[in-house]
>>> print(open('input16.txt').read())   # compact mmCIF, C-alpha atoms
# COMPACT_ATOMS: atom_id res chain seq x y z
CA ASN A 760 49.73 7.61 -6.11
CA ASN A 761 47.94 10.46 -4.33
CA VAL A 762 45.84 11.30 -7.39
CA ALA A 763 44.92 7.63 -7.89
CA ALA A 764 43.98 7.27 -4.21
CA ALA A 765 41.78 10.36 -4.34
CA LEU A 766 40.08 9.08 -7.50
CA ASN A 767 39.46 5.69 -5.87
CA VAL A 768 37.74 7.38 -2.95
CA ALA A 769 35.55 9.34 -5.35
CA VAL A 770 34.62 6.16 -7.26
CA PHE A 771 33.68 4.30 -4.07
CA TYR A 772 31.56 7.24 -2.98
CA LEU A 773 29.73 7.37 -6.33
CA VAL A 774 29.12 3.60 -6.36
CA VAL A 775 27.70 3.50 -2.83
CA GLU A 776 25.63 6.62 -3.52
CA LEU A 777 24.29 5.00 -6.69
CA LEU A 778 23.35 1.75 -4.96
CA GLU A 779 21.77 3.55 -2.00
CA LYS A 780 19.23 5.48 -4.08
CA PRO A 781 15.72 3.95 -3.99
CA VAL A 782 14.15 2.67 -7.22
CA ASP A 783 10.51 3.46 -8.06
CA ASP A 784 8.37 0.53 -9.17
CA LEU A 785 7.10 2.32 -12.28
CA THR A 786 10.55 2.97 -13.76
CA ALA A 787 12.46 0.21 -11.99
CA GLU A 788 13.73 -1.61 -15.08
CA THR A 789 14.88 1.55 -16.85
CA LYS A 790 16.67 2.85 -13.78
CA ARG A 791 18.36 -0.49 -13.17
CA GLU A 792 19.68 -0.51 -16.74
CA LYS A 793 21.03 3.02 -16.38
CA ARG A 794 22.65 2.16 -13.07
CA ALA A 795 24.14 -1.00 -14.53
CA SER A 796 25.70 1.12 -17.28
CA LEU A 797 27.06 3.54 -14.69
CA LEU A 798 28.57 0.63 -12.76
CA TRP A 799 30.52 -0.34 -15.90
CA PHE A 800 31.72 3.25 -16.19
CA TYR A 801 32.74 3.40 -12.52
CA ALA A 802 34.56 0.09 -12.83
CA ALA A 803 36.54 1.43 -15.78
CA LEU A 804 37.19 4.65 -13.86
CA TYR A 805 38.60 2.54 -11.02
CA ILE A 806 40.82 0.26 -13.18
CA ILE A 807 42.17 2.61 -15.89
CA PRO A 808 44.00 5.00 -13.50
CA PHE A 809 45.74 2.00 -11.94
CA ALA A 810 46.95 0.95 -15.40
CA ILE A 811 48.23 4.49 -15.99
CA GLN A 812 49.92 4.44 -12.58
CA HIS A 813 51.58 1.12 -13.42
CA PHE A 814 52.81 2.47 -16.75
CA LEU A 815 54.22 5.64 -15.18
CA SER A 816 55.97 3.64 -12.44
CA TRP A 817 57.46 1.35 -15.08
CA SER A 818 58.55 4.24 -17.30
CA GLN A 819 60.30 5.94 -14.35
CA ASN A 820 63.10 3.41 -14.81
CA PHE A 821 63.91 5.04 -18.15
CA TRP A 822 63.61 8.70 -17.16
CA ARG A 823 67.25 8.72 -16.02
CA VAL A 824 66.53 11.18 -13.24
CA GLY A 825 68.24 9.16 -10.51
CA GLY A 826 70.98 7.93 -12.86
CA GLY A 827 71.69 11.45 -14.10
CA LEU A 828 71.97 12.81 -10.57
CA ARG A 829 74.23 9.94 -9.50
CA LYS A 830 76.44 10.45 -12.55
CA GLN A 831 76.88 14.17 -11.86
CA LEU A 832 77.79 13.58 -8.21
CA GLN A 833 80.18 10.73 -9.02
CA VAL A 834 81.93 12.69 -11.77
CA MET A 835 82.22 15.74 -9.51
CA LEU A 836 83.69 13.66 -6.69
CA LEU A 837 86.34 12.12 -8.96
CA ARG A 838 87.16 15.47 -10.57
CA ARG A 839 87.50 17.05 -7.13
CA TYR A 840 89.76 14.25 -5.92
CA LEU A 841 92.01 14.46 -8.99
CA ASN A 842 92.49 18.18 -8.33
CA TYR A 843 93.50 17.67 -4.69
CA THR A 844 97.01 18.49 -3.57
CA VAL A 845 99.33 15.65 -2.64
CA GLU A 846 98.72 16.30 1.06
CA SER A 847 94.93 16.32 0.64
CA ARG A 848 94.95 13.08 -1.36
CA GLY A 849 96.99 11.48 1.39
CA GLU A 850 94.24 12.25 3.91
CA VAL A 851 91.54 10.50 1.84
CA THR A 852 91.77 6.72 2.08
CA ILE A 853 90.88 4.50 -0.86
CA GLU A 854 87.85 2.91 0.78
CA ARG A 855 86.35 6.30 1.69
CA LEU A 856 86.63 7.51 -1.89
CA VAL A 857 85.15 4.30 -3.35
CA LEU A 858 82.27 4.13 -0.87
CA ALA A 859 81.51 7.83 -1.29
CA MET A 860 81.22 7.36 -5.06
CA THR A 861 79.09 4.22 -4.83
CA ARG A 862 77.15 3.84 -1.58
CA ASP A 863 76.93 7.45 -0.35
CA VAL A 864 75.90 8.91 -3.70
CA VAL A 865 73.07 6.36 -3.97
CA ASP A 866 71.93 7.22 -0.44
CA VAL A 867 71.86 10.95 -1.16
CA VAL A 868 69.90 10.59 -4.41
CA ALA A 869 67.46 7.81 -3.42
CA ASP A 870 66.89 8.51 0.29
CA GLY A 871 67.36 12.27 0.23
CA TYR A 872 66.53 14.20 -2.93
CA ILE A 873 63.88 11.92 -4.49
CA THR A 874 62.20 11.23 -1.14
CA TYR A 875 61.73 14.95 -0.51
CA ILE A 876 60.30 15.38 -4.03
CA ASP A 877 57.68 12.73 -3.24
CA LEU A 878 56.89 14.38 0.09
CA HIS A 879 56.47 17.83 -1.47
CA TRP A 880 54.30 16.43 -4.27
CA GLY A 881 52.11 14.51 -1.85
CA THR A 882 51.63 17.60 0.29
CA SER A 883 50.63 19.73 -2.71
CA ILE A 884 48.06 17.15 -3.84
CA LYS A 885 46.55 16.87 -0.36
CA SER A 886 46.46 20.65 -0.04
CA THR A 887 44.51 20.80 -3.29
CA LEU A 888 42.06 18.22 -1.96
CA LEU A 889 41.70 20.24 1.24
CA VAL A 890 40.81 23.40 -0.70
CA ALA A 891 38.37 21.45 -2.89
CA GLY A 892 36.71 19.96 0.19
CA MET A 893 36.36 23.33 1.86
CA PHE A 894 34.91 24.75 -1.35
CA TYR A 895 32.35 21.95 -1.41
CA LEU A 896 31.35 22.53 2.19
CA SER A 897 31.00 26.27 1.63
CA PHE A 898 28.89 26.18 -1.52
CA ASN A 899 26.75 23.06 -1.14
CA PRO A 900 23.44 24.24 0.30
CA THR A 901 22.01 20.73 0.70
CA GLU A 902 24.53 19.70 3.31
CA THR A 903 24.85 20.97 6.86
CA THR A 904 28.49 21.46 7.85
CA THR A 905 29.21 19.32 10.90
CA VAL A 906 32.22 17.74 12.55
CA GLN A 907 31.58 14.66 10.43
CA HIS A 908 31.89 16.73 7.26
CA VAL A 909 34.94 18.74 8.27
CA TYR A 910 36.91 15.83 9.80
CA PRO A 911 37.74 13.96 6.54
CA VAL A 912 38.86 17.14 4.81
CA VAL A 913 41.21 18.15 7.63
CA ALA A 914 42.46 14.58 8.11
CA VAL A 915 43.62 14.50 4.48
CA LEU A 916 46.26 17.10 5.31
CA VAL A 917 47.46 15.59 8.58
CA LEU A 918 49.66 12.81 7.19
CA PRO A 919 52.13 14.84 5.03
CA PHE A 920 52.64 17.46 7.76
CA ALA A 921 53.10 14.68 10.31
CA LYS A 922 55.79 13.24 8.02
CA TYR A 923 57.46 16.64 7.80
CA ALA A 924 57.52 16.92 11.58
CA PHE A 925 58.81 13.36 11.95
CA VAL A 926 61.63 13.89 9.44
CA SER A 927 62.57 17.28 10.89
CA LEU A 928 62.71 16.08 14.49
CA LEU A 929 64.69 12.91 13.82
CA GLU A 930 66.86 14.06 10.92
CA LYS A 931 69.95 14.54 13.09
CA THR A 932 69.39 11.24 14.90
CA ILE A 933 69.25 9.20 11.70
CA ALA A 934 72.30 11.08 10.38
CA ASP A 935 74.29 10.14 13.49
CA ILE A 936 73.20 6.50 13.33
CA ARG A 937 74.04 6.29 9.64
CA GLU A 938 77.40 7.95 10.22
CA LYS A 939 78.34 5.34 12.83
CA GLN A 940 77.44 2.57 10.40
CA HIS A 941 79.49 4.19 7.64
CA LYS A 942 82.50 4.67 9.91
CA SER A 943 82.46 1.04 11.04
CA GLU A 944 82.19 -0.03 7.39
CA HIS A 945 85.13 2.20 6.47
CA ASP A 946 87.20 0.65 9.28
CA MET A 947 86.41 -2.88 8.07
CA ILE A 948 87.39 -2.20 4.48
CA ASN A 949 90.46 -0.20 5.46
CA PHE A 950 91.63 -3.04 7.71
CA VAL A 951 91.30 -5.61 4.91
CA ILE A 952 93.16 -3.40 2.44
CA LYS A 953 96.02 -2.87 4.88
CA ALA A 954 96.16 -6.58 5.69
CA VAL A 955 96.45 -7.44 1.99
CA ILE A 956 99.03 -4.75 1.26
CA ASN A 957 101.09 -5.62 4.35
CA PHE A 958 100.71 -9.38 4.07
CA GLU A 959 104.45 -10.00 4.12
CA LEU A 960 104.82 -8.19 7.44
CA VAL A 961 101.83 -10.08 8.87
CA ASP A 962 103.37 -13.34 7.73
CA ASP A 963 106.89 -12.52 8.97
CA TYR A 964 105.67 -11.59 12.47
CA SER A 965 103.11 -14.43 12.64
CA ARG A 966 100.20 -12.08 13.20
CA ARG A 967 97.56 -14.02 11.27
CA SER A 968 95.50 -14.85 14.37
CA GLN A 969 95.75 -11.34 15.78
CA GLU A 970 94.67 -9.82 12.48
CA VAL A 971 91.67 -12.14 12.25
CA ASP A 972 90.66 -11.35 15.83
CA GLU A 973 90.89 -7.60 15.23
CA TYR A 974 88.87 -7.95 12.05
CA SER A 975 86.25 -9.96 13.93
CA GLU A 976 85.88 -7.11 16.43
CA LEU A 977 85.40 -4.64 13.58
CA ILE A 978 82.69 -6.87 12.12
CA ASP A 979 80.90 -6.97 15.47
CA ARG A 980 81.03 -3.19 15.66
CA TYR A 981 79.61 -2.90 12.14
CA ASN A 982 76.85 -5.40 12.90
CA LYS A 983 75.77 -3.42 15.98
CA ALA A 984 75.64 -0.21 13.94
CA SER A 985 73.65 -1.97 11.18
CA ILE A 986 71.17 -3.34 13.73
CA ALA A 987 70.64 0.15 15.17
CA TYR A 988 70.11 1.60 11.70
CA GLY A 989 67.74 -1.21 10.67
CA ALA A 990 65.70 -0.80 13.85
CA TYR A 991 65.35 2.92 13.20
CA LEU A 992 64.26 2.33 9.58
CA THR A 993 61.63 -0.16 10.75
CA ASN A 994 60.15 2.38 13.15
CA ALA A 995 60.30 5.07 10.45
CA LYS A 996 58.43 2.86 7.95
CA PHE A 997 55.69 2.19 10.46
CA PHE A 998 55.21 5.88 11.32
CA ALA A 999 52.90 6.74 8.40
CA PRO A 1000 50.77 3.56 8.78
CA TRP A 1001 50.38 4.32 12.49
CA VAL A 1002 49.18 7.85 11.79
CA THR A 1003 46.83 6.55 9.08
CA ARG A 1004 45.35 3.93 11.39
CA ALA A 1005 44.90 6.49 14.15
CA ILE A 1006 43.04 8.80 11.76
CA ILE A 1007 40.83 5.97 10.47
CA GLY A 1008 40.19 4.72 14.01
CA ALA A 1009 39.05 8.18 15.05
CA TRP A 1010 36.86 8.37 11.93
CA LEU A 1011 35.19 5.08 12.83
CA ILE A 1012 33.97 6.81 15.99
CA VAL A 1013 33.26 10.30 14.59
CA GLY A 1014 31.84 9.15 11.28
CA GLY A 1015 29.97 6.23 12.79
CA ASN A 1016 28.16 8.57 15.14
CA GLY A 1017 27.39 10.79 12.17
CA VAL A 1018 25.71 7.88 10.37
CA LEU A 1019 23.77 6.89 13.50
CA ASN A 1020 22.56 10.47 13.93
CA GLN A 1021 21.77 10.72 10.18
CA LYS A 1022 24.14 13.65 9.69
CA ILE A 1023 26.11 11.91 6.91
CA SER A 1024 25.29 9.06 4.54
CA VAL A 1025 26.80 5.58 4.51
CA ALA A 1026 28.41 6.48 1.16
CA VAL A 1027 30.34 9.35 2.72
CA PHE A 1028 31.34 7.19 5.67
CA ILE A 1029 32.66 4.28 3.55
CA SER A 1030 34.33 6.40 0.84
CA THR A 1031 36.19 8.40 3.49
CA ILE A 1032 37.72 5.20 4.85
CA GLY A 1033 38.56 4.10 1.31
>>> encode(input="input16.txt", output="structure tokens")
Amino acid sequence: NNVAAALNVAVFYLVVELLEKPVDDLTAETKREKRASLLWFYAALYIIPFAIQHFLSWSQNFWRVGGGLRKQLQVMLLRRYLNYTVESRGEVTIERLVLAMTRDVVDVVADGYITYIDLHWGTSIKSTLLVAGMFYLSFNPTETTTVQHVYPVVAVLVLPFAKYAFVSLLEKTIADIREKQHKSEHDMINFVIKAVINFELVDDYSRRSQEVDEYSELIDRYNKASIAYGAYLTNAKFFAPWVTRAIIGAWLIVGGNGVLNQKISVAVFISTIG
């Protein structure tokens, strides 16, 4: 995704730069034909990477990375449980074991390990772009290095490090919120299992209404924990778009002034936003 986005920016820059160049009257037709051919090339350069990206995203379903990790964790959990002593097995309830092997393993693999891989990969790509941009500014004698030139290069690196800071600061908070949700879910399932196993006692002592009321309270507790977790996830999902919009908003001011003062071209201004 990061490579495709960087390539899209480059294509937009080249297209705007191509269309901005003046055409002499003497060679107008020839230049238009050459530029029309380049437009076909740029269009292909814009579409083909997206097709490759689509194919790679589709093929990820068959790489068995997530499935292999889940399988290892699930097998290890069951093997560990089967080697527990009698006392240790008595301390682990059925619902905790089942949920750990299904829900918790999926959370660890999908929301933990793979997410950090994406974050590290995105940071490495943006770091490469930063170095390339600095190299361009250092060795291009036709351009004068200004705030308008440096800003896009530095801004490229802001988002991944902002994500790192966000995750690091709120890691414990999300863990606590998730733990409360898991505990309330454990209590719900454990209550149902006990009610089914002890149905004869419930029936003999006419405790059907009391059991239903207690279960209703457990559901309310779970719903509150789920609402808190969902609200946190919503804010977390909007963090990166907020940072991106703030960066682009600042560029509209910085870059716009650069265009007005003729320090950068319209091509640079538009492609940076892209």
>>> atom_distance(input="input16.txt", atom1="atom CA of A:Met947", atom2="atom CA of A:Tyr981")
7.9 Å
>>> atom_distance(input="input16.txt", atom1="atom CA of A:Arg791", atom2="atom CA of A:Leu778")
9.9 Å
>>> closest_residue(input="input16.txt", among="A:Ile952, A:Leu992, A:Leu977, A:Ala984", to="A:Ile853", atoms="only C-alpha atoms")
A:Ile952
>>> closest_residue(input="input16.txt", among="A:Val917, A:Val774, A:Ile806, A:Arg794", to="A:Ile1006", atoms="all atoms listed in the file")
A:Val917
>>> atom_distance(input="input16.txt", atom1="atom CA of A:Val834", atom2="atom CA of A:Phe821")
20.6 Å
>>> residues_around(input="input16.txt", residues="A:Ile948", least_positions_apart="2", cutoff="12 Å", atoms="all atoms listed in the file", output="PDB file with C-alpha atoms, in the frame of the given file")
ATOM      1  CA  THR A 852      91.770   6.720   2.080  1.00  0.00           C
ATOM      2  CA  ILE A 853      90.880   4.500  -0.860  1.00  0.00           C
ATOM      3  CA  GLU A 854      87.850   2.910   0.780  1.00  0.00           C
ATOM      4  CA  ARG A 855      86.350   6.300   1.690  1.00  0.00           C
ATOM      5  CA  LEU A 856      86.630   7.510  -1.890  1.00  0.00           C
ATOM      6  CA  VAL A 857      85.150   4.300  -3.350  1.00  0.00           C
ATOM      7  CA  LEU A 858      82.270   4.130  -0.870  1.00  0.00           C
ATOM      8  CA  HIS A 941      79.490   4.190   7.640  1.00  0.00           C
ATOM      9  CA  LYS A 942      82.500   4.670   9.910  1.00  0.00           C
ATOM     10  CA  SER A 943      82.460   1.040  11.040  1.00  0.00           C
ATOM     11  CA  GLU A 944      82.190  -0.030   7.390  1.00  0.00           C
ATOM     12  CA  HIS A 945      85.130   2.200   6.470  1.00  0.00           C
ATOM     13  CA  ASP A 946      87.200   0.650   9.280  1.00  0.00           C
ATOM     14  CA  PHE A 950      91.630  -3.040   7.710  1.00  0.00           C
ATOM     15  CA  VAL A 951      91.300  -5.610   4.910  1.00  0.00           C
ATOM     16  CA  ILE A 952      93.160  -3.400   2.440  1.00  0.00           C
ATOM     17  CA  LYS A 953      96.020  -2.870   4.880  1.00  0.00           C
ATOM     18  CA  ALA A 954      96.160  -6.580   5.690  1.00  0.00           C
ATOM     19  CA  VAL A 955      96.450  -7.440   1.990  1.00  0.00           C
ATOM     20  CA  TYR A 974      88.870  -7.950  12.050  1.00  0.00           C
ATOM     21  CA  LEU A 977      85.400  -4.640  13.580  1.00  0.00           C
ATOM     22  CA  ILE A 978      82.690  -6.870  12.120  1.00  0.00           C
ATOM     23  CA  TYR A 981      79.610  -2.900  12.140  1.00  0.00           C
TER      24      TYR A 981
END
>>> closest_residue(input="input16.txt", among="A:Gly989, A:Phe920, A:Leu797, A:Arg980", to="A:Val1002", atoms="all atoms listed in the file")
A:Phe920
>>> residues_around(input="input16.txt", residues="A:Arg829", least_positions_apart="6", cutoff="9 Å", atoms="only C-alpha atoms", output="MDAnalysis selection string")
chainID A and resid 860:861 864:865 867:868
